[in-house]
Structure formats: structure tokens, C-alpha cells
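Note: the block below is coords14.pdb and it holds PDB, C-alpha atoms.
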```pdb
ATOM      1  CA  MET A 551     -38.612 -35.010  56.062
ATOM      2  CA  LYS A 552     -41.551 -33.366  57.825
ATOM      3  CA  GLY A 553     -44.023 -35.427  55.816
ATOM      4  CA  ALA A 554     -42.163 -38.646  56.544
ATOM      5  CA  ARG A 555     -42.315 -37.969  60.278
ATOM      6  CA  VAL A 556     -46.068 -37.444  60.109
ATOM      7  CA  ALA A 557     -46.362 -40.714  58.212
ATOM      8  CA  TYR A 558     -44.346 -42.566  60.867
ATOM      9  CA  PHE A 559     -46.486 -40.946  63.556
ATOM     10  CA  LEU A 560     -49.696 -42.042  61.834
ATOM     11  CA  GLY A 561     -48.269 -45.529  61.330
ATOM     12  CA  LEU A 562     -47.496 -45.836  65.017
ATOM     13  CA  LEU A 563     -50.952 -44.519  65.888
ATOM     14  CA  VAL A 564     -52.696 -47.062  63.671
ATOM     15  CA  ALA A 565     -50.525 -49.898  64.999
ATOM     16  CA  LEU A 566     -51.161 -48.979  68.630
ATOM     17  CA  VAL A 567     -54.921 -48.604  68.133
ATOM     18  CA  GLY A 568     -55.056 -51.909  66.284
ATOM     19  CA  PHE A 569     -53.012 -53.608  68.989
ATOM     20  CA  TRP A 570     -55.223 -52.240  71.749
ATOM     21  CA  LEU A 571     -58.435 -53.260  69.988
ATOM     22  CA  GLY A 572     -57.007 -56.727  69.336
ATOM     23  CA  MET A 573     -55.987 -57.197  72.955
ATOM     24  CA  SER A 574     -59.018 -55.771  74.718
ATOM     25  CA  GLY A 575     -62.226 -57.266  73.368
ATOM     26  CA  HIS A 576     -64.311 -54.984  75.599
ATOM     27  CA  TYR A 577     -65.799 -52.098  73.696
ATOM     28  CA  THR A 578     -67.616 -50.157  76.427
ATOM     29  CA  PRO A 579     -67.175 -46.353  76.439
ATOM     30  CA  LEU A 580     -65.104 -46.380  79.640
ATOM     31  CA  LEU A 581     -62.593 -48.922  78.386
ATOM     32  CA  LEU A 582     -62.373 -47.294  74.964
ATOM     33  CA  THR A 583     -61.574 -43.986  76.694
ATOM     34  CA  LEU A 584     -58.894 -45.661  78.774
ATOM     35  CA  GLY A 585     -57.492 -47.230  75.607
ATOM     36  CA  ALA A 586     -57.403 -43.873  73.842
ATOM     37  CA  VAL A 587     -55.625 -42.334  76.835
ATOM     38  CA  SER A 588     -53.014 -45.095  76.926
ATOM     39  CA  VAL A 589     -52.400 -44.823  73.172
ATOM     40  CA  ALA A 590     -51.981 -41.054  73.577
ATOM     41  CA  VAL A 591     -49.532 -41.526  76.471
ATOM     42  CA  CYS A 592     -47.519 -44.020  74.377
ATOM     43  CA  LEU A 593     -47.358 -41.579  71.476
ATOM     44  CA  ILE A 594     -46.303 -38.675  73.715
ATOM     45  CA  LEU A 595     -43.585 -40.809  75.332
ATOM     46  CA  ALA A 596     -42.359 -42.006  71.927
ATOM     47  CA  TYR A 597     -42.284 -38.409  70.705
ATOM     48  CA  ARG A 598     -40.353 -37.239  73.768
ATOM     49  CA  LEU A 599     -37.891 -40.123  73.403
ATOM     50  CA  ASP A 600     -37.507 -39.061  69.755
ATOM     51  CA  ILE A 601     -37.922 -42.643  68.522
ATOM     52  CA  ILE A 602     -40.637 -41.959  65.946
ATOM     53  CA  ASP A 603     -38.366 -42.530  62.965
ATOM     54  CA  ARG A 604     -37.727 -45.147  60.326
ATOM     55  CA  GLU A 605     -36.711 -47.771  62.896
ATOM     56  CA  GLY A 606     -39.318 -46.946  65.503
ATOM     57  CA  ALA A 607     -42.168 -47.228  63.014
ATOM     58  CA  PRO A 608     -40.981 -49.465  60.159
ATOM     59  CA  TYR A 609     -44.457 -49.883  58.690
ATOM     60  CA  VAL A 610     -43.400 -48.652  55.277
ATOM     61  CA  ARG A 611     -41.476 -51.873  54.813
ATOM     62  CA  ILE A 612     -44.191 -54.165  56.118
ATOM     63  CA  ILE A 613     -44.854 -55.597  52.648
ATOM     64  CA  GLY A 614     -41.166 -56.385  52.246
ATOM     65  CA  PHE A 615     -41.112 -58.177  55.570
ATOM     66  CA  ALA A 616     -44.359 -59.978  54.772
ATOM     67  CA  LEU A 617     -42.734 -61.316  51.595
ATOM     68  CA  TYR A 618     -39.550 -62.224  53.454
ATOM     69  CA  PHE A 619     -41.186 -64.037  56.351
ATOM     70  CA  PRO A 620     -42.519 -67.151  54.540
ATOM     71  CA  TRP A 621     -39.074 -67.789  53.076
ATOM     72  CA  LEU A 622     -37.540 -67.383  56.534
ATOM     73  CA  MET A 623     -40.094 -69.815  58.000
ATOM     74  CA  LYS A 624     -39.130 -72.377  55.365
ATOM     75  CA  GLU A 625     -35.437 -71.968  56.196
ATOM     76  CA  ILE A 626     -36.204 -72.239  59.916
ATOM     77  CA  ALA A 627     -38.159 -75.450  59.353
ATOM     78  CA  LYS A 628     -35.308 -76.982  57.329
ATOM     79  CA  ALA A 629     -32.679 -75.956  59.876
ATOM     80  CA  ASN A 630     -34.859 -77.214  62.724
ATOM     81  CA  TRP A 631     -34.912 -80.667  61.203
ATOM     82  CA  THR A 632     -31.100 -80.710  61.055
ATOM     83  CA  VAL A 633     -30.753 -79.648  64.682
ATOM     84  CA  VAL A 634     -33.462 -82.046  65.890
ATOM     85  CA  LYS A 635     -31.545 -84.890  64.253
ATOM     86  CA  ALA A 636     -28.305 -83.622  65.820
ATOM     87  CA  CYS A 637     -29.948 -83.572  69.258
ATOM     88  CA  LEU A 638     -31.287 -87.100  69.034
ATOM     89  CA  LYS A 639     -28.485 -88.938  67.246
ATOM     90  CA  ALA A 640     -27.023 -91.676  69.426
ATOM     91  CA  GLU A 641     -23.532 -90.737  68.317
ATOM     92  CA  MET A 642     -23.047 -87.024  68.269
ATOM     93  CA  ASP A 643     -21.537 -85.802  65.018
ATOM     94  CA  ILE A 644     -21.597 -82.044  65.436
ATOM     95  CA  SER A 645     -18.572 -79.952  64.482
ATOM     96  CA  PRO A 646     -19.076 -76.436  65.807
ATOM     97  CA  ALA A 647     -17.302 -73.598  64.070
ATOM     98  CA  LEU A 648     -16.987 -69.841  64.169
ATOM     99  CA  VAL A 649     -17.512 -68.280  60.746
ATOM    100  CA  LYS A 650     -16.976 -64.705  59.643
ATOM    101  CA  VAL A 651     -19.809 -63.563  57.383
ATOM    102  CA  LYS A 652     -19.567 -60.376  55.392
ATOM    103  CA  THR A 653     -22.879 -58.661  54.843
ATOM    104  CA  ALA A 654     -23.922 -56.328  52.065
ATOM    105  CA  CYS A 655     -26.580 -54.739  54.272
ATOM    106  CA  VAL A 656     -26.037 -51.023  54.729
ATOM    107  CA  THR A 657     -28.644 -49.699  57.147
ATOM    108  CA  ASP A 658     -28.870 -50.780  60.758
ATOM    109  CA  LEU A 659     -32.381 -52.124  60.210
ATOM    110  CA  ALA A 660     -31.177 -54.427  57.421
ATOM    111  CA  LYS A 661     -28.227 -55.602  59.514
ATOM    112  CA  VAL A 662     -30.491 -56.364  62.465
ATOM    113  CA  THR A 663     -32.891 -58.233  60.183
ATOM    114  CA  PHE A 664     -30.053 -60.303  58.773
ATOM    115  CA  ALA A 665     -28.431 -61.006  62.151
ATOM    116  CA  ASN A 666     -31.770 -61.896  63.736
ATOM    117  CA  SER A 667     -32.584 -64.207  60.814
ATOM    118  CA  ILE A 668     -29.276 -66.008  61.348
ATOM    119  CA  THR A 669     -29.976 -66.343  65.060
ATOM    120  CA  LEU A 670     -33.570 -67.471  64.519
ATOM    121  CA  THR A 671     -32.397 -70.249  62.231
ATOM    122  CA  PRO A 672     -31.454 -73.093  64.573
ATOM    123  CA  GLY A 673     -27.842 -74.167  64.217
ATOM    124  CA  THR A 674     -26.468 -70.672  63.709
ATOM    125  CA  VAL A 675     -26.137 -67.804  66.183
ATOM    126  CA  THR A 676     -24.746 -64.351  65.506
ATOM    127  CA  VAL A 677     -22.150 -63.766  68.199
ATOM    128  CA  GLU A 678     -20.836 -60.358  67.265
ATOM    129  CA  ILE A 679     -21.445 -57.601  64.723
ATOM    130  CA  GLU A 680     -18.636 -55.279  63.762
ATOM    131  CA  GLY A 681     -19.250 -52.938  60.870
ATOM    132  CA  ASP A 682     -20.230 -55.161  57.954
ATOM    133  CA  LYS A 683     -18.732 -58.369  59.370
ATOM    134  CA  MET A 684     -20.607 -60.785  61.550
ATOM    135  CA  LEU A 685     -19.164 -63.517  63.708
ATOM    136  CA  VAL A 686     -21.469 -66.539  63.449
ATOM    137  CA  HIS A 687     -21.274 -69.656  65.578
ATOM    138  CA  ALA A 688     -22.576 -72.694  63.725
ATOM    139  CA  LEU A 689     -23.362 -76.226  64.796
ATOM    140  CA  TYR A 690     -22.113 -77.799  61.582
ATOM    141  CA  GLU A 691     -19.023 -76.386  59.970
ATOM    142  CA  GLN A 692     -19.819 -77.816  56.528
ATOM    143  CA  GLU A 693     -23.246 -76.123  56.418
ATOM    144  CA  ALA A 694     -22.034 -72.707  57.496
ATOM    145  CA  GLN A 695     -19.672 -71.624  54.759
ATOM    146  CA  PRO A 696     -19.970 -67.862  54.177
ATOM    147  CA  GLU A 697     -21.721 -68.421  50.816
ATOM    148  CA  ALA A 698     -24.534 -70.271  52.584
ATOM    149  CA  PHE A 699     -25.707 -66.947  54.001
ATOM    150  CA  ASP A 700     -25.678 -65.055  50.705
ATOM    151  CA  GLU A 701     -29.326 -65.619  49.870
ATOM    152  CA  MET A 702     -30.483 -64.692  53.377
ATOM    153  CA  ASP A 703     -28.307 -61.594  53.177
ATOM    154  CA  ARG A 704     -29.837 -60.539  49.873
ATOM    155  CA  ARG A 705     -33.392 -61.248  50.962
ATOM    156  CA  SER A 706     -33.136 -59.476  54.315
ATOM    157  CA  ARG A 707     -31.578 -56.493  52.590
ATOM    158  CA  GLU A 708     -34.450 -56.340  50.134
ATOM    159  CA  ALA A 709     -36.958 -56.741  52.962
ATOM    160  CA  ALA A 710     -35.509 -53.918  55.036
ATOM    161  CA  ASP A 711     -34.180 -51.537  52.397
ATOM    162  CA  GLY A 712     -36.191 -52.297  49.297
ATOM    163  CA  LYS A 713     -34.746 -53.228  45.948
ATOM    164  CA  ARG A 714     -33.747 -49.740  44.925
ATOM    165  CA  ARG A 715     -30.143 -50.181  46.038
ATOM    166  CA  PRO A 716     -27.940 -52.436  43.929
ATOM    167  CA  ALA A 717     -25.495 -54.639  45.854
TER     168      ALA A 717
ATOM    169  CA  MET B 502     -69.750 -79.268  44.955
ATOM    170  CA  SER B 503     -71.756 -76.554  46.703
ATOM    171  CA  ASP B 504     -72.921 -79.156  49.217
ATOM    172  CA  PHE B 505     -69.320 -79.938  49.930
ATOM    173  CA  LEU B 506     -68.432 -76.263  50.337
ATOM    174  CA  ALA B 507     -71.416 -75.723  52.602
ATOM    175  CA  SER B 508     -70.343 -78.618  54.791
ATOM    176  CA  LEU B 509     -66.772 -77.348  55.127
ATOM    177  CA  PRO B 510     -67.364 -75.242  58.284
ATOM    178  CA  ALA B 511     -68.982 -78.248  59.953
ATOM    179  CA  TRP B 512     -66.023 -80.414  58.998
ATOM    180  CA  TRP B 513     -63.672 -77.783  60.311
ATOM    181  CA  GLU B 514     -65.501 -77.818  63.656
ATOM    182  CA  VAL B 515     -65.015 -81.568  63.794
ATOM    183  CA  ILE B 516     -61.361 -81.741  62.858
ATOM    184  CA  ARG B 517     -59.954 -78.619  64.447
ATOM    185  CA  PHE B 518     -59.710 -80.078  67.938
ATOM    186  CA  PRO B 519     -57.862 -83.285  67.027
ATOM    187  CA  LEU B 520     -55.646 -81.339  64.619
ATOM    188  CA  GLY B 521     -54.912 -78.606  67.144
ATOM    189  CA  ALA B 522     -54.215 -81.180  69.831
ATOM    190  CA  ALA B 523     -51.831 -83.041  67.506
ATOM    191  CA  LEU B 524     -49.984 -79.798  66.712
ATOM    192  CA  CYS B 525     -49.713 -78.936  70.412
ATOM    193  CA  LEU B 526     -48.393 -82.425  71.095
ATOM    194  CA  ALA B 527     -45.821 -82.111  68.294
ATOM    195  CA  GLY B 528     -44.762 -78.706  69.625
ATOM    196  CA  GLY B 529     -44.384 -80.142  73.108
ATOM    197  CA  LEU B 530     -42.290 -82.997  71.752
ATOM    198  CA  LEU B 531     -40.032 -80.530  69.934
ATOM    199  CA  CYS B 532     -39.567 -78.576  73.162
ATOM    200  CA  LEU B 533     -38.587 -81.862  74.794
ATOM    201  CA  VAL B 534     -36.106 -82.551  71.988
ATOM    202  CA  GLY B 535     -34.637 -79.090  72.504
ATOM    203  CA  THR B 536     -34.208 -79.861  76.208
ATOM    204  CA  VAL B 537     -32.501 -83.158  75.399
ATOM    205  CA  GLY B 538     -30.147 -81.255  73.108
ATOM    206  CA  VAL B 539     -29.397 -78.686  75.819
ATOM    207  CA  LEU B 540     -28.450 -81.509  78.167
ATOM    208  CA  ARG B 541     -26.384 -83.448  75.634
ATOM    209  CA  PHE B 542     -24.438 -80.773  73.780
ATOM    210  CA  PRO B 543     -20.923 -80.104  75.082
ATOM    211  CA  ASP B 544     -20.568 -76.351  75.542
ATOM    212  CA  PHE B 545     -22.473 -73.118  75.960
ATOM    213  CA  TYR B 546     -22.683 -72.104  72.301
ATOM    214  CA  THR B 547     -23.876 -75.478  71.054
ATOM    215  CA  ARG B 548     -26.468 -75.601  73.832
ATOM    216  CA  LEU B 549     -27.777 -72.267  72.606
ATOM    217  CA  HIS B 550     -28.492 -73.915  69.235
ATOM    218  CA  ALA B 551     -30.500 -76.663  70.887
ATOM    219  CA  ALA B 552     -32.481 -74.116  72.887
ATOM    220  CA  SER B 553     -33.448 -72.306  69.696
ATOM    221  CA  ILE B 554     -35.510 -75.330  68.605
ATOM    222  CA  THR B 555     -37.744 -74.680  71.595
ATOM    223  CA  ASP B 556     -37.995 -71.004  70.666
ATOM    224  CA  THR B 557     -38.839 -71.421  67.016
ATOM    225  CA  SER B 558     -40.524 -74.614  65.909
ATOM    226  CA  GLY B 559     -41.735 -75.699  69.348
ATOM    227  CA  ALA B 560     -43.395 -72.370  70.086
ATOM    228  CA  THR B 561     -44.732 -72.047  66.522
ATOM    229  CA  LEU B 562     -46.431 -75.441  66.563
ATOM    230  CA  LEU B 563     -47.850 -74.896  70.058
ATOM    231  CA  LEU B 564     -49.279 -71.500  69.112
ATOM    232  CA  LEU B 565     -50.654 -72.867  65.830
ATOM    233  CA  GLY B 566     -52.362 -75.710  67.685
ATOM    234  CA  MET B 567     -53.805 -73.306  70.239
ATOM    235  CA  ALA B 568     -55.015 -70.982  67.461
ATOM    236  CA  MET B 569     -56.874 -73.892  65.858
ATOM    237  CA  MET B 570     -58.640 -74.694  69.099
ATOM    238  CA  ALA B 571     -59.336 -71.044  69.939
ATOM    239  CA  PRO B 572     -62.985 -70.207  70.620
ATOM    240  CA  ASP B 573     -62.942 -66.810  68.864
ATOM    241  CA  TRP B 574     -60.784 -64.410  66.845
ATOM    242  CA  MET B 575     -59.889 -62.405  69.926
ATOM    243  CA  VAL B 576     -57.817 -65.307  71.210
ATOM    244  CA  VAL B 577     -56.237 -65.790  67.792
ATOM    245  CA  SER B 578     -55.164 -62.149  67.661
ATOM    246  CA  LYS B 579     -53.514 -62.516  71.067
ATOM    247  CA  LEU B 580     -51.728 -65.675  69.940
ATOM    248  CA  VAL B 581     -50.497 -63.838  66.840
ATOM    249  CA  ALA B 582     -49.164 -61.060  69.075
ATOM    250  CA  ILE B 583     -47.352 -63.652  71.225
ATOM    251  CA  PHE B 584     -45.913 -65.202  68.052
ATOM    252  CA  VAL B 585     -44.628 -61.857  66.789
ATOM    253  CA  PHE B 586     -43.069 -60.985  70.136
ATOM    254  CA  ILE B 587     -41.387 -64.373  70.467
ATOM    255  CA  TYR B 588     -39.923 -64.014  66.989
ATOM    256  CA  LEU B 589     -38.669 -60.511  67.741
ATOM    257  CA  THR B 590     -37.270 -61.131  71.206
ATOM    258  CA  SER B 591     -35.846 -64.661  71.122
ATOM    259  CA  PRO B 592     -33.031 -63.898  68.626
ATOM    260  CA  ALA B 593     -32.241 -60.711  70.532
ATOM    261  CA  SER B 594     -31.870 -62.599  73.810
ATOM    262  CA  SER B 595     -29.885 -65.433  72.166
ATOM    263  CA  HIS B 596     -27.568 -62.884  70.626
ATOM    264  CA  ALA B 597     -27.209 -61.040  73.948
ATOM    265  CA  ALA B 598     -26.264 -64.268  75.731
ATOM    266  CA  ALA B 599     -23.813 -65.355  73.010
ATOM    267  CA  ASN B 600     -22.285 -61.895  72.761
ATOM    268  CA  ALA B 601     -21.865 -61.668  76.538
ATOM    269  CA  ALA B 602     -20.153 -65.075  76.618
ATOM    270  CA  HIS B 603     -17.883 -64.080  73.747
ATOM    271  CA  THR B 604     -17.023 -60.721  75.296
ATOM    272  CA  ALA B 605     -16.248 -62.412  78.604
ATOM    273  CA  GLY B 606     -13.752 -64.589  76.743
ATOM    274  CA  LEU B 607     -15.514 -67.959  76.711
ATOM    275  CA  GLN B 608     -13.888 -69.938  73.901
ATOM    276  CA  PRO B 609     -16.235 -72.158  71.897
ATOM    277  CA  LEU B 610     -15.382 -75.761  71.151
ATOM    278  CA  ILE B 611     -14.272 -75.956  67.536
ATOM    279  CA  GLY B 612     -14.086 -78.977  65.280
ATOM    280  CA  PRO B 613     -15.733 -82.394  65.340
ATOM    281  CA  VAL B 614     -17.203 -83.396  68.667
ATOM    282  CA  SER B 615     -18.115 -86.940  69.526
ATOM    283  CA  THR B 616     -19.279 -88.234  72.855
ATOM    284  CA  HIS B 617     -18.962 -91.945  72.467
ATOM    285  CA  ASP B 618     -15.293 -92.266  73.410
ATOM    286  CA  LYS B 619     -15.909 -90.561  76.740
ATOM    287  CA  GLU B 620     -19.129 -92.282  77.734
ATOM    288  CA  GLY B 621     -19.036 -95.526  79.645
ATOM    289  CA  GLN B 622     -15.886 -94.644  81.517
ATOM    290  CA  GLY B 623     -17.466 -92.712  84.370
ATOM    291  CA  SER B 624     -18.833 -94.381  87.509
TER     292      SER B 624
END
```
As C-alpha cells, the full file:
Amino acid sequence: MKGARVAYFLGLLVALVGFWLGMSGHYTPLLLTLGAVSVAVCLILAYRLDIIDREGAPYVRIIGFALYFPWLMKEIAKANWTVVKACLKAEMDISPALVKVKTACVTDLAKVTFANSITLTPGTVTVEIEGDKMLVHALYEQEAQPEAFDEMDRRSREAADGKRRPA
Amino acid sequence: MSDFLASLPAWWEVIRFPLGAALCLAGGLLCLVGTVGVLRFPDFYTRLHAASITDTSGATLLLLGMAMMAPDWMVVSKLVAIFVFIYLTSPASSHAAANAAHTAGLQPLIGPVSTHDKEGQGS
């Protein structure tokens, strides 16, 4: 695991340097030095907090997330349209419901990805996570049957954990 | 064809401001719709759904419009950072609010809700 930790460390370093360069826009020696110092302080703090691990630096999975995100955006756009119509209808026809969704995600990162995807999609909010069951509040009961979340579950699992693990 | 390709940057300069302004306007309208939903929906959990329109599509369209009108890539990179942070933090805060309400014992309204039998009676 020593090599993996170095990889996470380097990933965090690259991300922080990239973030600083993207934010600053001033490339004078003084400001670059200050940037290097702040990146170093961040890395030392992260090391002392012991958060340089798979979750603290999930850059290995960035391709998975990059593939997952367009699909999520499409789902968000579709769900937005439903909720916008629900907001503006003269006669309200919502039927809120609490649904229990069972997830096949194993790692915490996959569960968080799945739960956050549900919450990001307008019309559904994850209220509680217990083990592999999630309590989801939905705006329309008929659109929030547990099978409706199966594809999102599968895709967020693949994004966070890779395809190596069968269901 | 090459003339057309060569003229593309010039065209882009012409259309990016109207297009960006239209996207910003659409994003602003969606935020307004989200606010209307927050005011109209009956209970806390349903209002949370309406507020998530503002978080997702409203913010996305606004940031996209601003990115189109941005003077340089520096601004675009900052807008991308804002986008990423909104998409990471807004579900976390929604979940925290919903979870707190649920833990405190607030029962959600369940089943079909209609407003029209109650309206018109007050005042």
C-alpha cells in the first residue's frame, strides 16, 4: 500500500497546484512562492489529518466520474423539467412519498456518489442512509419506485468502484 | 469551407454575448421558478425539491452563460471551480437539512396533495 499512498499524495499535489494556478492568474516569483508555500501547508495538514487515502484523493477514478457525469446531467435535466412543471401547474398534483431504496454499492465512496446523485436530481432527496438501505423522499410517488433507481445505482457504483466487482 | 472555418471565431465573438445573456436569463427564470415552488409546496420536504431546481439547473445555466461571456480562460476556470463546488456541496447540504428534519421527527406529507380545495376560502 506504500506505493498507493505515494500515488494519492502526488494526485493531491497535482490537483492543488492546478487549482492554485487556475485561481491566481498572477505568475510573479513572489506569488508563485506564496502559492508553493500554501500548497505545501495544505499537504502537510492533510498528511497530519491522515486523510490522504482513496477518499481524500479519488483521482484514480476520475475517468469513471467523467463518464458518469454526462449521464447524470441528462437525468438532472429531465427531472428538472418535471419539477418545474410541478412548481408552475395551476392545480398542484404532487404526491410525495418516502421510498426505501436498496443499493448494491459496497464502498462508502460509491454510496455517497449514489446518494448525492439522488439528491442532486430534483424531485428526490436522500433522507437517511443505513447500511445498504436508503430512505428517499420523492415528489411523485409513481416516478420513485425502487426500480427507477437501479440504473443510477449501477452507474454510480461503476463510477466509484470500477467494473471489476460483479453485482 | 475553409473560409467558413476561418470566420468561425469572428462569428463566435458576435453571438457569444446574446447567447450568454439568454442563458443567464433562462437560469434566472429557473431560479425564480424554484422560488415559486418553495412558496407553493406544502411542507418542508417538498420545498426542498423545489429549492434543488435553483441549485442545479438554475446555477448551471447561469454559470454557462457567464462562461460564454467571460473575457479570458482564467474566468472560465474559476466558473468551473464554482460549478464543481456547487455540485459537491448542494446535495450534501440538502441531505443534511432533510436528515436533520427526519431525525427531529418531522413527518412528511404522504399521498396526493392538491391545493385547490383549500384556496379561496381564506380572507
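The space separating atom CA of Val651 of chain A from atom CA of Lys683 of chain A comes to 5.7 Å.
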*Could you write out as a PyMOL selection string the residues of chain B within 9 Å of chain A, counting all atoms listed in the file?*
chain B and resi 531+534-539+541-542+546-547+549-554+556-558+574-576+578-579+582+588-589+591-593+595-604+609-617
*asked:* When you count all atoms listed in the file, which of these residues is closest to Ala557 of chain A: A:Pro696, A:Ile602, A:Val587, A:Tyr577?
replied: A:Ile602
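The space separating atom CA of Arg611 of chain A from atom CA of Ala710 of chain A comes to 6.3 Å.
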*I need the residue set behind the PyMOL selection byres ((chain B and resi 515-526) around 6) for this file; please write it as number ranges by chain.*
B: 512-514, 527-529, 562-563, 566, 569-570
How would the residues just picked look written out with C-alpha atoms as a PDB file, keeping the file's coordinate frame?
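Resulting contents of result-v9.pdb:
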```pdb
ATOM      1  CA  TRP B 512     -66.023 -80.414  58.998  1.00  0.00           C
ATOM      2  CA  TRP B 513     -63.672 -77.783  60.311  1.00  0.00           C
ATOM      3  CA  GLU B 514     -65.501 -77.818  63.656  1.00  0.00           C
ATOM      4  CA  ALA B 527     -45.821 -82.111  68.294  1.00  0.00           C
ATOM      5  CA  GLY B 528     -44.762 -78.706  69.625  1.00  0.00           C
ATOM      6  CA  GLY B 529     -44.384 -80.142  73.108  1.00  0.00           C
ATOM      7  CA  LEU B 562     -46.431 -75.441  66.563  1.00  0.00           C
ATOM      8  CA  LEU B 563     -47.850 -74.896  70.058  1.00  0.00           C
ATOM      9  CA  GLY B 566     -52.362 -75.710  67.685  1.00  0.00           C
ATOM     10  CA  MET B 569     -56.874 -73.892  65.858  1.00  0.00           C
ATOM     11  CA  MET B 570     -58.640 -74.694  69.099  1.00  0.00           C
TER      12      MET B 570
END
```
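Rounded to one decimal, atom CA of Val581 of chain B and atom CA of Lys624 of chain A lie 18.3 Å from each other.
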*Residues matched by the PyMOL selection byres ((chain A and resi 593) around 9) as a PyMOL selection string*: chain A and resi 559+562-563+566+588-592+594-598+602
*If you apply the PyMOL selection byres ((chain A and resi 705) around 12) to this file, what residues do you get, as a ChimeraX atom specification?*
/A:614-622,653-655,660-661,663-664,667,699-704,706-713,717
Produce a file of the selected residues containing C-alpha atoms, as a JSON list (two decimals), in the frame of the given file.
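Produced file part26.json, reproduced below:
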```
[["chain", "number", "residue", "atom", "x", "y", "z"],
["A", 614, "GLY", "CA", -41.17, -56.38, 52.25],
["A", 615, "PHE", "CA", -41.11, -58.18, 55.57],
["A", 616, "ALA", "CA", -44.36, -59.98, 54.77],
["A", 617, "LEU", "CA", -42.73, -61.32, 51.60],
["A", 618, "TYR", "CA", -39.55, -62.22, 53.45],
["A", 619, "PHE", "CA", -41.19, -64.04, 56.35],
["A", 620, "PRO", "CA", -42.52, -67.15, 54.54],
["A", 621, "TRP", "CA", -39.07, -67.79, 53.08],
["A", 622, "LEU", "CA", -37.54, -67.38, 56.53],
["A", 653, "THR", "CA", -22.88, -58.66, 54.84],
["A", 654, "ALA", "CA", -23.92, -56.33, 52.06],
["A", 655, "CYS", "CA", -26.58, -54.74, 54.27],
["A", 660, "ALA", "CA", -31.18, -54.43, 57.42],
["A", 661, "LYS", "CA", -28.23, -55.60, 59.51],
["A", 663, "THR", "CA", -32.89, -58.23, 60.18],
["A", 664, "PHE", "CA", -30.05, -60.30, 58.77],
["A", 667, "SER", "CA", -32.58, -64.21, 60.81],
["A", 699, "PHE", "CA", -25.71, -66.95, 54.00],
["A", 700, "ASP", "CA", -25.68, -65.06, 50.70],
["A", 701, "GLU", "CA", -29.33, -65.62, 49.87],
["A", 702, "MET", "CA", -30.48, -64.69, 53.38],
["A", 703, "ASP", "CA", -28.31, -61.59, 53.18],
["A", 704, "ARG", "CA", -29.84, -60.54, 49.87],
["A", 706, "SER", "CA", -33.14, -59.48, 54.32],
["A", 707, "ARG", "CA", -31.58, -56.49, 52.59],
["A", 708, "GLU", "CA", -34.45, -56.34, 50.13],
["A", 709, "ALA", "CA", -36.96, -56.74, 52.96],
["A", 710, "ALA", "CA", -35.51, -53.92, 55.04],
["A", 711, "ASP", "CA", -34.18, -51.54, 52.40],
["A", 712, "GLY", "CA", -36.19, -52.30, 49.30],
["A", 713, "LYS", "CA", -34.75, -53.23, 45.95],
["A", 717, "ALA", "CA", -25.50, -54.64, 45.85]]
```
Box time for segment 584-591 of chain A: axis-aligned, enclosing all its listed atoms, 5 Å extra on each side; report centre and edge lengths in Å to one decimal, as JSON.
```
{"center_x": -54.2, "center_y": -44.1, "center_z": 76.0, "size_x": 19.4, "size_y": 16.2, "size_z": 15.6}
```
